[in-house]
>>> print(open('target-v8.pdb').read())   # PDB, C-alpha atoms and all ligand atoms
ATOM      1  CA  MET A   1    -114.330 -49.213-102.316
ATOM      2  CA  ALA A   2    -110.908 -48.581-100.784
ATOM      3  CA  LEU A   3    -109.803 -48.190 -97.186
ATOM      4  CA  ARG A   4    -107.544 -45.326 -96.064
ATOM      5  CA  VAL A   5    -106.226 -45.358 -92.496
ATOM      6  CA  LEU A   6    -107.478 -42.295 -90.627
ATOM      7  CA  ILE A   7    -106.462 -43.271 -87.075
ATOM      8  CA  SER A   8    -103.936 -46.052 -86.610
ATOM      9  CA  GLU A   9    -104.093 -48.847 -84.066
ATOM     10  CA  GLU A  10    -101.159 -47.250 -82.195
ATOM     11  CA  GLN A  11    -102.900 -43.864 -82.021
ATOM     12  CA  ILE A  12    -106.096 -45.506 -80.800
ATOM     13  CA  GLN A  13    -104.348 -47.531 -78.100
ATOM     14  CA  GLN A  14    -102.380 -44.501 -76.884
ATOM     15  CA  ARG A  15    -105.557 -42.410 -76.651
ATOM     16  CA  VAL A  16    -107.439 -45.227 -74.889
ATOM     17  CA  ARG A  17    -104.692 -45.347 -72.232
ATOM     18  CA  GLU A  18    -104.997 -41.568 -71.750
ATOM     19  CA  LEU A  19    -108.781 -41.767 -71.440
ATOM     20  CA  GLY A  20    -108.522 -44.619 -68.941
ATOM     21  CA  ALA A  21    -106.116 -42.611 -66.774
ATOM     22  CA  GLN A  22    -108.351 -39.545 -66.954
ATOM     23  CA  ILE A  23    -111.415 -41.574 -65.941
ATOM     24  CA  ASP A  24    -109.457 -43.020 -63.004
ATOM     25  CA  ARG A  25    -108.658 -39.484 -61.851
ATOM     26  CA  ASP A  26    -112.243 -38.229 -62.306
ATOM     27  CA  TYR A  27    -114.052 -41.052 -60.437
ATOM     28  CA  PRO A  28    -112.441 -41.374 -57.018
ATOM     29  CA  ASP A  29    -115.175 -43.391 -55.271
ATOM     30  CA  GLY A  30    -118.543 -45.062 -55.672
ATOM     31  CA  LEU A  31    -119.905 -47.743 -57.915
ATOM     32  CA  LEU A  32    -119.114 -47.106 -61.615
ATOM     33  CA  TYR A  33    -121.106 -48.792 -64.356
ATOM     34  CA  LEU A  34    -119.505 -48.802 -67.788
ATOM     35  CA  VAL A  35    -122.328 -49.202 -70.291
ATOM     36  CA  CYS A  36    -121.389 -50.506 -73.748
ATOM     37  CA  ILE A  37    -123.729 -49.488 -76.560
ATOM     38  CA  LEU A  38    -123.823 -52.417 -78.976
ATOM     39  CA  LYS A  39    -122.495 -53.178 -81.419
ATOM     40  CA  GLY A  40    -120.116 -50.464 -82.565
ATOM     41  CA  ALA A  41    -118.551 -49.715 -79.186
ATOM     42  CA  CYS A  42    -117.536 -53.327 -78.455
ATOM     43  CA  PHE A  43    -113.773 -53.107 -79.089
ATOM     44  CA  PHE A  44    -113.366 -49.606 -77.673
ATOM     45  CA  PHE A  45    -115.330 -50.727 -74.627
ATOM     46  CA  THR A  46    -113.186 -53.762 -73.839
ATOM     47  CA  ASP A  47    -109.930 -51.844 -74.363
ATOM     48  CA  LEU A  48    -111.120 -48.863 -72.311
ATOM     49  CA  ALA A  49    -112.419 -51.025 -69.460
ATOM     50  CA  ARG A  50    -108.960 -52.591 -69.148
ATOM     51  CA  ALA A  51    -107.251 -49.170 -69.294
ATOM     52  CA  ILE A  52    -109.211 -48.158 -66.188
ATOM     53  CA  SER A  53    -107.629 -49.270 -62.898
ATOM     54  CA  ARG A  54    -110.483 -48.548 -60.508
ATOM     55  CA  GLU A  55    -113.222 -51.099 -59.981
ATOM     56  CA  VAL A  56    -116.010 -51.013 -62.579
ATOM     57  CA  SER A  57    -119.048 -53.049 -63.446
ATOM     58  CA  ILE A  58    -119.548 -53.751 -67.155
ATOM     59  CA  GLU A  59    -123.020 -53.600 -68.668
ATOM     60  CA  PHE A  60    -124.412 -53.891 -72.186
ATOM     61  CA  MET A  61    -127.238 -52.125 -73.957
ATOM     62  CA  GLY A  62    -128.602 -52.377 -77.500
ATOM     63  CA  ILE A  63    -130.032 -49.379 -79.344
ATOM     64  CA  SER A  64    -131.245 -48.993 -82.886
ATOM     65  CA  SER A  65    -132.150 -45.712 -84.517
ATOM     66  CA  TYR A  66    -134.456 -45.292 -87.467
ATOM     67  CA  GLY A  67    -134.144 -43.176 -90.570
ATOM     68  CA  LYS A  68    -130.635 -42.052 -89.726
ATOM     69  CA  GLY A  69    -129.413 -39.515 -92.276
ATOM     70  CA  LYS A  70    -132.844 -39.259 -93.863
ATOM     71  CA  THR A  71    -135.051 -37.825 -91.160
ATOM     72  CA  THR A  72    -134.764 -35.827 -87.969
ATOM     73  CA  SER A  73    -137.598 -37.726 -86.300
ATOM     74  CA  GLY A  74    -135.212 -38.940 -83.620
ATOM     75  CA  GLU A  75    -136.946 -42.278 -83.260
ATOM     76  CA  VAL A  76    -134.759 -44.641 -81.263
ATOM     77  CA  LYS A  77    -135.576 -48.096 -79.952
ATOM     78  CA  VAL A  78    -133.981 -50.060 -77.107
ATOM     79  CA  THR A  79    -133.284 -53.588 -78.403
ATOM     80  CA  LYS A  80    -131.523 -54.827 -75.263
ATOM     81  CA  ASP A  81    -132.048 -53.068 -71.977
ATOM     82  CA  LEU A  82    -129.853 -53.117 -68.889
ATOM     83  CA  ASP A  83    -130.516 -55.869 -66.366
ATOM     84  CA  LEU A  84    -130.146 -53.682 -63.282
ATOM     85  CA  SER A  85    -131.164 -50.421 -61.689
ATOM     86  CA  LEU A  86    -128.850 -47.432 -62.110
ATOM     87  CA  GLU A  87    -130.112 -45.632 -59.030
ATOM     88  CA  GLY A  88    -127.292 -44.089 -57.033
ATOM     89  CA  ALA A  89    -124.504 -45.326 -59.334
ATOM     90  CA  HIS A  90    -122.042 -43.401 -61.471
ATOM     91  CA  VAL A  91    -122.811 -44.311 -65.086
ATOM     92  CA  LEU A  92    -120.422 -43.868 -67.992
ATOM     93  CA  VAL A  93    -121.931 -44.626 -71.401
ATOM     94  CA  VAL A  94    -119.334 -45.906 -73.871
ATOM     95  CA  GLU A  95    -119.970 -45.203 -77.569
ATOM     96  CA  ASP A  96    -117.917 -45.582 -80.722
ATOM     97  CA  ILE A  97    -119.176 -42.438 -82.470
ATOM     98  CA  VAL A  98    -121.420 -39.416 -81.965
ATOM     99  CA  ASP A  99    -122.738 -38.388 -85.340
ATOM    100  CA  SER A 100    -126.176 -36.677 -85.544
ATOM    101  CA  GLY A 101    -126.471 -37.037 -81.767
ATOM    102  CA  VAL A 102    -129.955 -38.566 -82.097
ATOM    103  CA  THR A 103    -129.018 -41.850 -80.388
ATOM    104  CA  LEU A 104    -127.208 -40.357 -77.409
ATOM    105  CA  HIS A 105    -129.669 -37.506 -76.929
ATOM    106  CA  TYR A 106    -132.445 -40.059 -76.583
ATOM    107  CA  LEU A 107    -130.403 -42.450 -74.476
ATOM    108  CA  SER A 108    -129.254 -39.734 -72.058
ATOM    109  CA  GLN A 109    -132.839 -38.700 -71.369
ATOM    110  CA  LEU A 110    -133.869 -42.322 -70.880
ATOM    111  CA  LEU A 111    -131.056 -43.146 -68.454
ATOM    112  CA  LEU A 112    -131.439 -39.921 -66.447
ATOM    113  CA  GLN A 113    -134.998 -41.008 -65.582
ATOM    114  CA  ARG A 114    -133.395 -43.937 -63.717
ATOM    115  CA  ARG A 115    -131.767 -41.584 -61.192
ATOM    116  CA  PRO A 116    -128.058 -42.396 -61.497
ATOM    117  CA  ARG A 117    -125.668 -40.546 -59.189
ATOM    118  CA  SER A 118    -123.998 -39.173 -62.330
ATOM    119  CA  LEU A 119    -124.277 -39.791 -66.068
ATOM    120  CA  LYS A 120    -121.472 -39.084 -68.525
ATOM    121  CA  ILE A 121    -120.567 -40.164 -72.044
ATOM    122  CA  VAL A 122    -117.254 -41.276 -73.502
ATOM    123  CA  SER A 123    -117.031 -41.630 -77.273
ATOM    124  CA  LEU A 124    -114.051 -42.750 -79.306
ATOM    125  CA  LEU A 125    -115.050 -40.532 -82.222
ATOM    126  CA  ASP A 126    -116.968 -37.288 -82.562
ATOM    127  CA  LYS A 127    -118.224 -35.772 -85.819
ATOM    128  CA  PRO A 128    -119.436 -32.371 -84.568
ATOM    129  CA  GLU A 129    -120.314 -31.092 -88.062
ATOM    130  CA  ARG A 130    -123.144 -33.607 -88.299
ATOM    131  CA  ARG A 131    -124.914 -32.768 -85.047
ATOM    132  CA  ILE A 132    -128.652 -32.163 -85.140
ATOM    133  CA  ARG A 133    -129.360 -32.978 -81.454
ATOM    134  CA  PRO A 134    -127.354 -31.537 -78.546
ATOM    135  CA  VAL A 135    -125.213 -34.069 -76.689
ATOM    136  CA  GLU A 136    -122.682 -33.389 -73.958
ATOM    137  CA  VAL A 137    -119.746 -35.731 -74.442
ATOM    138  CA  ALA A 138    -117.451 -35.670 -71.410
ATOM    139  CA  TYR A 139    -114.586 -37.627 -73.004
ATOM    140  CA  VAL A 140    -113.785 -37.667 -76.728
ATOM    141  CA  GLY A 141    -111.069 -39.826 -78.226
ATOM    142  CA  PHE A 142    -110.778 -38.072 -81.585
ATOM    143  CA  ARG A 143    -112.731 -35.336 -83.395
ATOM    144  CA  ILE A 144    -112.989 -36.335 -87.030
ATOM    145  CA  PRO A 145    -114.213 -34.666 -90.232
ATOM    146  CA  ASP A 146    -117.462 -35.656 -91.931
ATOM    147  CA  GLU A 147    -116.153 -38.776 -93.683
ATOM    148  CA  PHE A 148    -117.553 -42.301 -93.605
ATOM    149  CA  VAL A 149    -115.410 -44.343 -91.230
ATOM    150  CA  VAL A 150    -115.207 -48.062 -90.502
ATOM    151  CA  GLY A 151    -113.081 -50.311 -88.323
ATOM    152  CA  TYR A 152    -112.436 -50.814 -84.604
ATOM    153  CA  GLY A 153    -116.122 -51.644 -84.207
ATOM    154  CA  LEU A 154    -117.606 -49.371 -86.860
ATOM    155  CA  ASP A 155    -119.232 -51.006 -89.862
ATOM    156  CA  TYR A 156    -120.501 -50.545 -93.370
ATOM    157  CA  ALA A 157    -123.406 -52.982 -93.797
ATOM    158  CA  GLU A 158    -121.900 -55.060 -90.949
ATOM    159  CA  ARG A 159    -118.480 -55.274 -92.654
ATOM    160  CA  HIS A 160    -115.071 -54.031 -91.466
ATOM    161  CA  ARG A 161    -115.834 -53.979 -87.727
ATOM    162  CA  ASN A 162    -112.756 -56.131 -87.000
ATOM    163  CA  LEU A 163    -110.191 -53.772 -88.570
ATOM    164  CA  ARG A 164    -107.643 -52.635 -85.996
ATOM    165  CA  ASP A 165    -107.434 -49.096 -87.414
ATOM    166  CA  VAL A 166    -110.204 -46.578 -88.018
ATOM    167  CA  CYS A 167    -110.354 -46.163 -91.791
ATOM    168  CA  VAL A 168    -112.164 -43.952 -94.277
ATOM    169  CA  LEU A 169    -114.189 -45.937 -96.782
ATOM    170  CA  GLU A 170    -113.590 -44.260-100.135
ATOM    171  CA  GLU A 171    -115.273 -44.728-103.475
ATOM    172  CA  THR A 172    -112.869 -46.006-106.109
ATOM    173  CA  PRO A 173    -113.240 -44.632-109.629
TER     174      PRO A 173
HETATM  175  C1  LIG A 201    -124.004 -45.962 -84.496
HETATM  176  C2  LIG A 201    -123.138 -45.630 -83.291
HETATM  177  C3  LIG A 201    -124.054 -44.788 -82.452
HETATM  178  C4  LIG A 201    -124.914 -44.088 -83.457
HETATM  179  C5  LIG A 201    -124.392 -42.709 -83.656
HETATM  180  O1  LIG A 201    -124.774 -47.081 -84.191
HETATM  181  O2  LIG A 201    -122.702 -46.769 -82.613
HETATM  182  O3  LIG A 201    -124.854 -45.567 -81.589
HETATM  183  O4  LIG A 201    -124.818 -44.820 -84.682
HETATM  184  O5  LIG A 201    -125.151 -42.037 -84.611
HETATM  185  P1  LIG A 201    -126.061 -40.783 -84.276
HETATM  186  O6  LIG A 201    -125.241 -39.839 -83.444
HETATM  187  O7  LIG A 201    -126.347 -40.228 -85.657
HETATM  188  O8  LIG A 201    -127.297 -41.254 -83.589
HETATM  189  P2  LIG A 201    -125.565 -47.944 -85.289
HETATM  190  O9  LIG A 201    -127.036 -47.573 -85.240
HETATM  191  O10 LIG A 201    -124.889 -47.813 -86.630
HETATM  192  O11 LIG A 201    -125.453 -49.408 -84.724
HETATM  193  P3  LIG A 201    -124.143 -50.297 -84.453
HETATM  194  O12 LIG A 201    -123.413 -49.650 -83.290
HETATM  195  O13 LIG A 201    -124.704 -51.630 -84.098
HETATM  196  O14 LIG A 201    -123.309 -50.306 -85.716
END
>>> encode(input="target-v8.pdb", output="structure tokens", more="lines below")
Ligand code: PRP
Amino acid sequence: MALRVLISEEQIQQRVRELGAQIDRDYPDGLLYLVCILKGACFFFTDLARAISREVSIEFMGISSYGKGKTTSGEVKVTKDLDLSLEGAHVLVVEDIVDSGVTLHYLSQLLLQRRPRSLKIVSLLDKPERRIRPVEVAYVGFRIPDEFVVGYGLDYAERHRNLRDVCVLEETP
């Protein structure tokens, strides 16, 4: 396997600054919860939170999806839930990638039942070609082609999460 840089650290950091500024403009008042979806979003989440100037509260949630890429059952399980109520708060879910959309479609429905003041999604990466469930993503860092990517939080069998760039994992002959 070989790694080819798809999005460099500099490109990521520039885009994160832009997203942070845009989020500052879009949320003028009210409590804002930034919700990190573990594990993949961890680095994007910490960089984005610090690119936002307004006050935020940081929260963490664990999700695991079953049969990804093999079935459209859409079965998703919460492995770590939030510790607080979302009622009346602006909620911004922070993800590393939207692929089939199964995870975020499920999660959006779950969180909306908790009556937040607003619910939006920010994702570093979006692979629209792979979508099988509709998901509205308010802020997208980069739209990417249907290639297997690792780095900056994304893994292959738990490897490569700590790379600073987003890389394509390619088969070597
Ligand atoms: C990844 C990613 C999203 C989900 C996107 O998580 O972080 O949560 O898959 O895929 P989908 O749009 O097809 O549902 P993963 O289950 O690999 O866990 P991880 O974040 O811990 O790596």
>>> resolve_selection(input="target-v8.pdb", expression="the PyMOL selection byres (((chain A and resi 127) around 9) and not hetatm)", output="ChimeraX atom specification")
/A:97-100,125-126,128-131,142-147
>>> write_last_selection(input="target-v8.pdb", atoms="C-alpha atoms", output="compact mmCIF listing (two decimals), keeping the file's coordinate frame")
# COMPACT_ATOMS: atom_id res chain seq x y z
CA ILE A 97 -119.18 -42.44 -82.47
CA VAL A 98 -121.42 -39.42 -81.96
CA ASP A 99 -122.74 -38.39 -85.34
CA SER A 100 -126.18 -36.68 -85.54
CA LEU A 125 -115.05 -40.53 -82.22
CA ASP A 126 -116.97 -37.29 -82.56
CA PRO A 128 -119.44 -32.37 -84.57
CA GLU A 129 -120.31 -31.09 -88.06
CA ARG A 130 -123.14 -33.61 -88.30
CA ARG A 131 -124.91 -32.77 -85.05
CA PHE A 142 -110.78 -38.07 -81.58
CA ARG A 143 -112.73 -35.34 -83.40
CA ILE A 144 -112.99 -36.34 -87.03
CA PRO A 145 -114.21 -34.67 -90.23
CA ASP A 146 -117.46 -35.66 -91.93
CA GLU A 147 -116.15 -38.78 -93.68
>>> residues_near_ligand(input="target-v8.pdb", ligand="ligand LIG 201 (chain A)", cutoff="6 Å", atoms="only C-alpha atoms and all ligand atoms", output="count of residues only")
16
>>> resolve_selection(input="target-v8.pdb", expression="the PyMOL selection byres (((chain A and resi 112) around 12) and not hetatm)", output="CSV table (one decimal) with C-alpha atoms, in the coordinates of the input")
chain,number,residue,atom,x,y,z
A,85,SER,CA,-131.2,-50.4,-61.7
A,86,LEU,CA,-128.8,-47.4,-62.1
A,87,GLU,CA,-130.1,-45.6,-59.0
A,88,GLY,CA,-127.3,-44.1,-57.0
A,89,ALA,CA,-124.5,-45.3,-59.3
A,90,HIS,CA,-122.0,-43.4,-61.5
A,91,VAL,CA,-122.8,-44.3,-65.1
A,92,LEU,CA,-120.4,-43.9,-68.0
A,93,VAL,CA,-121.9,-44.6,-71.4
A,104,LEU,CA,-127.2,-40.4,-77.4
A,105,HIS,CA,-129.7,-37.5,-76.9
A,106,TYR,CA,-132.4,-40.1,-76.6
A,107,LEU,CA,-130.4,-42.4,-74.5
A,108,SER,CA,-129.3,-39.7,-72.1
A,109,GLN,CA,-132.8,-38.7,-71.4
A,110,LEU,CA,-133.9,-42.3,-70.9
A,111,LEU,CA,-131.1,-43.1,-68.5
A,113,GLN,CA,-135.0,-41.0,-65.6
A,114,ARG,CA,-133.4,-43.9,-63.7
A,115,ARG,CA,-131.8,-41.6,-61.2
A,116,PRO,CA,-128.1,-42.4,-61.5
A,117,ARG,CA,-125.7,-40.5,-59.2
A,118,SER,CA,-124.0,-39.2,-62.3
A,119,LEU,CA,-124.3,-39.8,-66.1
A,120,LYS,CA,-121.5,-39.1,-68.5
>>> closest_residue(input="target-v8.pdb", among="A:Ser53, A:Tyr27, A:Ile37, A:Leu3", to="A:Thr79", atoms="only C-alpha atoms")
A:Ile37
>>> resolve_selection(input="target-v8.pdb", expression="the PyMOL selection byres (((chain A and resi 13) around 10) and not hetatm)", output="list in words")
Ser8, Glu9, Glu10, Gln11, Ile12, Gln14, Arg15, Val16, Arg17, Glu18, Leu19, Phe44, Asp47, Leu48, Ala51, Arg164 and Asp165 of chain A
>>> residues_around(input="target-v8.pdb", residues="A:Thr172", least_positions_apart="4", cutoff="12 Å", atoms="all atoms listed in the file", output="VMD selection string")
chain A and resid 1 to 4
>>> closest_residue(input="target-v8.pdb", among="A:Ile63, A:Ala157, A:Val135, A:Val94", to="A:Cys42", atoms="all atoms listed in the file")
A:Val94
>>> atom_distance(input="target-v8.pdb", atom1="atom CA of A:Asp24", atom2="atom CA of A:Ala49")
10.7 Å
>>> atom_distance(input="target-v8.pdb", atom1="atom CA of A:Ile121", atom2="atom CA of A:Met61")
13.8 Å
>>> closest_residue(input="target-v8.pdb", among="A:Val137, A:Val35, A:Ile52, A:Leu124", to="A:Ile7", atoms="all atoms listed in the file")
A:Leu124
>>> atom_distance(input="target-v8.pdb", atom1="atom CA of A:Gly141", atom2="atom CA of A:Glu171")
26.1 Å
>>> residues_near_point(input="target-v8.pdb", point="(-129.8, -58.3, -65.1)", cutoff="12 Å", atoms="all atoms listed in the file", output="ChimeraX atom specification")
/A:58-61,80-86
>>> closest_residue(input="target-v8.pdb", among="A:Val122, A:Thr46, A:Val5, A:Arg54", to="A:Pro28", atoms="all atoms listed in the file")
A:Arg54
>>> residues_around(input="target-v8.pdb", residues="A:Val150", least_positions_apart="5", cutoff="9 Å", atoms="only C-alpha atoms", output="ChimeraX atom specification")
/A:3,155-156,159-161,163,165-169
>>> write_last_selection(input="target-v8.pdb", atoms="C-alpha atoms", output="mmCIF file, keeping the file's coordinate frame")
data_model
loop_
_atom_site.group_PDB
_atom_site.id
_atom_site.type_symbol
_atom_site.label_atom_id
_atom_site.label_comp_id
_atom_site.auth_asym_id
_atom_site.auth_seq_id
_atom_site.Cartn_x
_atom_site.Cartn_y
_atom_site.Cartn_z
ATOM 1 C CA LEU A 3 -109.803 -48.190 -97.186
ATOM 2 C CA ASP A 155 -119.232 -51.006 -89.862
ATOM 3 C CA TYR A 156 -120.501 -50.545 -93.370
ATOM 4 C CA ARG A 159 -118.480 -55.274 -92.654
ATOM 5 C CA HIS A 160 -115.071 -54.031 -91.466
ATOM 6 C CA ARG A 161 -115.834 -53.979 -87.727
ATOM 7 C CA LEU A 163 -110.191 -53.772 -88.570
ATOM 8 C CA ASP A 165 -107.434 -49.096 -87.414
ATOM 9 C CA VAL A 166 -110.204 -46.578 -88.018
ATOM 10 C CA CYS A 167 -110.354 -46.163 -91.791
ATOM 11 C CA VAL A 168 -112.164 -43.952 -94.277
ATOM 12 C CA LEU A 169 -114.189 -45.937 -96.782
#
>>> build_atoms(input="target-v8.pdb", residues="stretch 30-49 of chain A", atoms="N, CA and C atoms", output="CSV table (one decimal), in the coordinates of the input")
chain,number,residue,atom,x,y,z
A,30,GLY,N,-117.2,-44.7,-55.3
A,30,GLY,CA,-118.5,-45.1,-55.7
A,30,GLY,C,-118.6,-46.1,-56.8
A,31,LEU,N,-119.7,-46.7,-56.9
A,31,LEU,CA,-119.9,-47.7,-57.9
A,31,LEU,C,-119.9,-47.1,-59.3
A,32,LEU,N,-119.1,-47.6,-60.2
A,32,LEU,CA,-119.1,-47.1,-61.6
A,32,LEU,C,-119.5,-48.2,-62.6
A,33,TYR,N,-120.7,-47.9,-63.3
A,33,TYR,CA,-121.1,-48.8,-64.4
A,33,TYR,C,-120.6,-48.3,-65.7
A,34,LEU,N,-119.9,-49.1,-66.4
A,34,LEU,CA,-119.5,-48.8,-67.8
A,34,LEU,C,-120.5,-49.5,-68.7
A,35,VAL,N,-121.2,-48.7,-69.5
A,35,VAL,CA,-122.3,-49.2,-70.3
A,35,VAL,C,-121.9,-49.2,-71.8
A,36,CYS,N,-121.8,-50.4,-72.3
A,36,CYS,CA,-121.4,-50.5,-73.7
A,36,CYS,C,-122.6,-50.4,-74.6
A,37,ILE,N,-122.6,-49.6,-75.6
A,37,ILE,CA,-123.7,-49.5,-76.6
A,37,ILE,C,-123.4,-50.3,-77.8
A,38,LEU,N,-124.1,-51.4,-77.9
A,38,LEU,CA,-123.8,-52.4,-79.0
A,38,LEU,C,-124.3,-51.9,-80.3
A,39,LYS,N,-123.7,-52.3,-81.4
A,39,LYS,CA,-122.5,-53.2,-81.4
A,39,LYS,C,-121.2,-52.4,-81.5
A,40,GLY,N,-121.3,-51.2,-82.1
A,40,GLY,CA,-120.1,-50.5,-82.6
A,40,GLY,C,-119.1,-50.2,-81.5
A,41,ALA,N,-119.5,-50.1,-80.2
A,41,ALA,CA,-118.6,-49.7,-79.2
A,41,ALA,C,-117.8,-50.9,-78.6
A,42,CYS,N,-118.0,-52.1,-79.2
A,42,CYS,CA,-117.5,-53.3,-78.5
A,42,CYS,C,-116.0,-53.4,-78.2
A,43,PHE,N,-115.2,-53.0,-79.3
A,43,PHE,CA,-113.8,-53.1,-79.1
A,43,PHE,C,-113.2,-52.0,-78.2
A,44,PHE,N,-113.8,-50.8,-78.5
A,44,PHE,CA,-113.4,-49.6,-77.7
A,44,PHE,C,-113.7,-49.9,-76.2
A,45,PHE,N,-114.9,-50.5,-76.0
A,45,PHE,CA,-115.3,-50.7,-74.6
A,45,PHE,C,-114.4,-51.7,-73.9
A,46,THR,N,-114.0,-52.8,-74.5
A,46,THR,CA,-113.2,-53.8,-73.8
A,46,THR,C,-111.8,-53.2,-73.6
A,47,ASP,N,-111.3,-52.4,-74.6
A,47,ASP,CA,-109.9,-51.8,-74.4
A,47,ASP,C,-110.0,-50.8,-73.3
A,48,LEU,N,-111.0,-49.9,-73.3
A,48,LEU,CA,-111.1,-48.9,-72.3
A,48,LEU,C,-111.3,-49.4,-70.9
A,49,ALA,N,-112.2,-50.4,-70.8
A,49,ALA,CA,-112.4,-51.0,-69.5
A,49,ALA,C,-111.1,-51.5,-68.8
